[in-house]
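Undergrad: Before we start, here is the structure in question, set down as structure tokens.
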Amino acid sequence: MSVATELLAANLLSPVVLAFGLGLVARALRSDLEIPPAIQAYLSLFLLLAIGLKGGVALRQDPPDNLGLLLLVTVLAGIATAASAYVVARAWLRDAPLQAGALAAHYGSVSAVTFIAAQQFVERTGGQPVEVLVALVVALEIPAILLGIGLARGGGRPSWPQVREVLTGRTAVLLLGGLAIGAIAGKSGVKAVDAMYFQLFQGMLMLFMLDMGLVAAGQLRQLGRGMARLLVFATAVPFVHGLAGVGIGHALGLGEAGATVFGAMLASASYIAAPASVRASLPGADAGRCITAALGLTFPFNLALGIPAYAAFAGWLGA
């Protein structure tokens, strides 16, 4: 069995991916299984705060010397992925600037859940996750959303209310807040909440992925005309972004595990922060189509096939 096949099997048979698959199957069987909206919101808040806490503790213990360079490269990578998604949406999907800009905001930004899934994957396969990447999630998200909104508006600069909305969104606040709390409290201080935010993390993640499977299956039903082109866009564009991200991570010295996760970050598409910003700033855009592509197509692709592929490429570069 090849390394790539082993990585794929390890990913597909993990509890996290199987829970997502259960959600897809339940929706296909028209089961009455549902996660109440209040529980959905709680799970999202829990996971974002928990991953921020973990990253903050690690940053206090071993802060990287090249943090400034990592942040700069991540910001530039977010701008590049948003711009490339815009160009492909205009050329391949034949979208108007408004819709192409909305898609660019989603595909230049990052899915925190894909990031968590990639972190879990490298841990399961024996890698050591690079916790500084938690800070890079926020650095990747903010400029990409703002650029997407600007492109949708014909190149106009985003206004301060739009910038403020992105900066104060729950993803940015919880990740940065968790980082700050973890860094200030340290490993000894965080022990007081260890049982909740660390020991229960895997179980909470499974419930969240079950809900994501239910939601993704519902989004797939909305695909109509143009499904084939959207499917190509939602898999090919993230895959190219992911491979580029692995190469960048390798060049930055993040190691195989860090390069894998960084690749998954660039390959992911936001379906939490970006939709909220797009709905508020671009009311004329088809937000449902963006979410369908990001959550119904790109997220399952990365979860099942993309992350193992990025890990195999990172291993090949590191050999």
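Every chain in the structure tokens has a letter given in the order shown (A, B, ...), and although residue numbers restart at 1 in each chain, ligands are simply numbered from 1 in the order shown.
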Per DSSP on the backbone, what are the alpha helix (DSSP H) residues of stretch 53-296 of chain A, as a PyMOL selection string?
TA: chain A and resi 53-61+67-91+97-108+112-124+133-152+160-167+170-190+194-197+201-220+227-251+255-267+273-281+287-291
Undergrad: As an exercise, work out the distance from atom CA of A:Leu303 to atom CA of A:Val166 in Å and give it to one decimal place.
TA: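 For atom CA of A:Leu303 relative to atom CA of A:Val166, the distance reads 25.7 Å.
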Undergrad: Can you list, as a compact mmCIF listing (two decimals) with all heavy atoms, in the first residue's frame, every protein, DNA or RNA residue that comes within 12 Å of A:Gly226 when you count only C-alpha atoms, leaving out same-chain residues fewer than 3 positions away?
TA:
```
# COMPACT_ATOMS: atom_id res chain seq x y z
N TRP A 92 -14.26 31.06 -15.95
CA TRP A 92 -14.82 29.71 -16.06
C TRP A 92 -16.32 29.67 -15.78
O TRP A 92 -17.09 29.09 -16.53
CB TRP A 92 -14.07 28.77 -15.11
CG TRP A 92 -14.66 27.39 -15.01
CD1 TRP A 92 -15.33 26.85 -13.96
CD2 TRP A 92 -14.64 26.38 -16.02
NE1 TRP A 92 -15.74 25.58 -14.23
CE2 TRP A 92 -15.31 25.25 -15.50
CE3 TRP A 92 -14.10 26.31 -17.30
CZ2 TRP A 92 -15.47 24.08 -16.21
CZ3 TRP A 92 -14.26 25.14 -18.03
CH2 TRP A 92 -14.94 24.03 -17.49
N LEU A 93 -16.73 30.34 -14.69
CA LEU A 93 -18.15 30.35 -14.35
C LEU A 93 -18.92 31.44 -15.08
O LEU A 93 -20.15 31.45 -15.06
CB LEU A 93 -18.32 30.55 -12.84
CG LEU A 93 -17.76 29.44 -11.94
CD1 LEU A 93 -17.93 29.81 -10.46
CD2 LEU A 93 -18.42 28.10 -12.23
N ARG A 94 -18.18 32.36 -15.70
CA ARG A 94 -18.79 33.49 -16.42
C ARG A 94 -19.65 34.35 -15.50
O ARG A 94 -20.71 34.84 -15.88
CB ARG A 94 -19.61 33.00 -17.63
CG ARG A 94 -18.82 32.13 -18.59
CD ARG A 94 -19.63 31.85 -19.84
NE ARG A 94 -18.92 30.95 -20.75
CZ ARG A 94 -19.16 29.65 -20.84
NH1 ARG A 94 -20.11 29.10 -20.09
NH2 ARG A 94 -18.49 28.89 -21.68
N ASP A 95 -19.19 34.50 -14.25
CA ASP A 95 -19.93 35.30 -13.28
C ASP A 95 -19.68 36.79 -13.51
O ASP A 95 -18.61 37.19 -13.96
CB ASP A 95 -19.48 34.94 -11.86
CG ASP A 95 -20.12 33.66 -11.37
OD1 ASP A 95 -21.06 33.16 -12.01
OD2 ASP A 95 -19.68 33.16 -10.31
N GLN A 222 -29.57 22.09 -3.66
CA GLN A 222 -29.87 23.36 -4.30
C GLN A 222 -29.18 23.52 -5.66
O GLN A 222 -29.48 24.46 -6.39
CB GLN A 222 -29.46 24.51 -3.38
CG GLN A 222 -30.17 24.53 -2.04
CD GLN A 222 -29.74 25.69 -1.17
OE1 GLN A 222 -29.09 26.62 -1.65
NE2 GLN A 222 -30.09 25.65 0.10
N LEU A 223 -28.24 22.64 -5.97
CA LEU A 223 -27.52 22.77 -7.23
C LEU A 223 -28.43 22.47 -8.41
O LEU A 223 -29.10 21.45 -8.45
CB LEU A 223 -26.32 21.82 -7.24
CG LEU A 223 -25.18 22.17 -6.27
CD1 LEU A 223 -24.12 21.10 -6.33
CD2 LEU A 223 -24.59 23.53 -6.59
N ARG A 229 -19.94 23.01 -13.90
CA ARG A 229 -18.90 24.05 -13.85
C ARG A 229 -18.60 24.45 -12.41
O ARG A 229 -17.44 24.65 -12.04
CB ARG A 229 -19.34 25.28 -14.65
CG ARG A 229 -19.22 25.09 -16.16
CD ARG A 229 -19.56 26.36 -16.92
NE ARG A 229 -19.28 26.20 -18.34
CZ ARG A 229 -18.12 26.47 -18.92
NH1 ARG A 229 -17.14 26.96 -18.19
NH2 ARG A 229 -17.94 26.30 -20.22
N LEU A 230 -19.63 24.55 -11.58
CA LEU A 230 -19.41 24.92 -10.19
C LEU A 230 -18.64 23.82 -9.46
O LEU A 230 -17.79 24.11 -8.61
CB LEU A 230 -20.75 25.18 -9.49
CG LEU A 230 -20.66 25.75 -8.07
CD1 LEU A 230 -19.97 27.11 -8.09
CD2 LEU A 230 -22.05 25.88 -7.45
N LEU A 231 -18.92 22.56 -9.80
CA LEU A 231 -18.21 21.45 -9.18
C LEU A 231 -16.72 21.49 -9.52
O LEU A 231 -15.86 21.29 -8.65
CB LEU A 231 -18.80 20.12 -9.65
CG LEU A 231 -18.09 18.84 -9.18
CD1 LEU A 231 -18.13 18.75 -7.66
CD2 LEU A 231 -18.74 17.61 -9.81
N VAL A 232 -16.40 21.78 -10.78
CA VAL A 232 -15.00 21.89 -11.18
C VAL A 232 -14.33 23.05 -10.45
O VAL A 232 -13.22 22.92 -9.92
CB VAL A 232 -14.89 22.08 -12.71
CG1 VAL A 232 -13.45 22.39 -13.11
CG2 VAL A 232 -15.39 20.82 -13.44
N PHE A 233 -15.01 24.18 -10.39
CA PHE A 233 -14.46 25.34 -9.69
C PHE A 233 -14.21 25.02 -8.23
O PHE A 233 -13.15 25.34 -7.68
CB PHE A 233 -15.44 26.52 -9.80
CG PHE A 233 -15.05 27.74 -9.00
CD1 PHE A 233 -14.25 28.72 -9.56
CD2 PHE A 233 -15.48 27.90 -7.69
CE1 PHE A 233 -13.87 29.84 -8.83
CE2 PHE A 233 -15.10 29.01 -6.95
CZ PHE A 233 -14.30 29.98 -7.52
N ARG A 289 -25.52 30.40 -3.29
CA ARG A 289 -24.65 29.69 -4.24
C ARG A 289 -23.23 29.60 -3.68
O ARG A 289 -22.56 28.58 -3.84
CB ARG A 289 -24.66 30.42 -5.57
CG ARG A 289 -23.80 29.79 -6.67
CD ARG A 289 -24.17 30.42 -8.00
NE ARG A 289 -23.30 30.02 -9.09
CZ ARG A 289 -22.26 30.73 -9.52
NH1 ARG A 289 -21.96 31.87 -8.94
NH2 ARG A 289 -21.53 30.31 -10.54
N ALA A 293 -21.31 26.06 -2.74
CA ALA A 293 -19.99 25.69 -3.27
C ALA A 293 -19.00 25.42 -2.15
O ALA A 293 -18.29 24.41 -2.14
CB ALA A 293 -19.48 26.79 -4.19
```
Undergrad: Hey, which of A:Leu214, A:Leu49, A:Ala83, A:Val16 ends up closest to A:Val193? Count only C-alpha atoms.
TA: A:Leu49
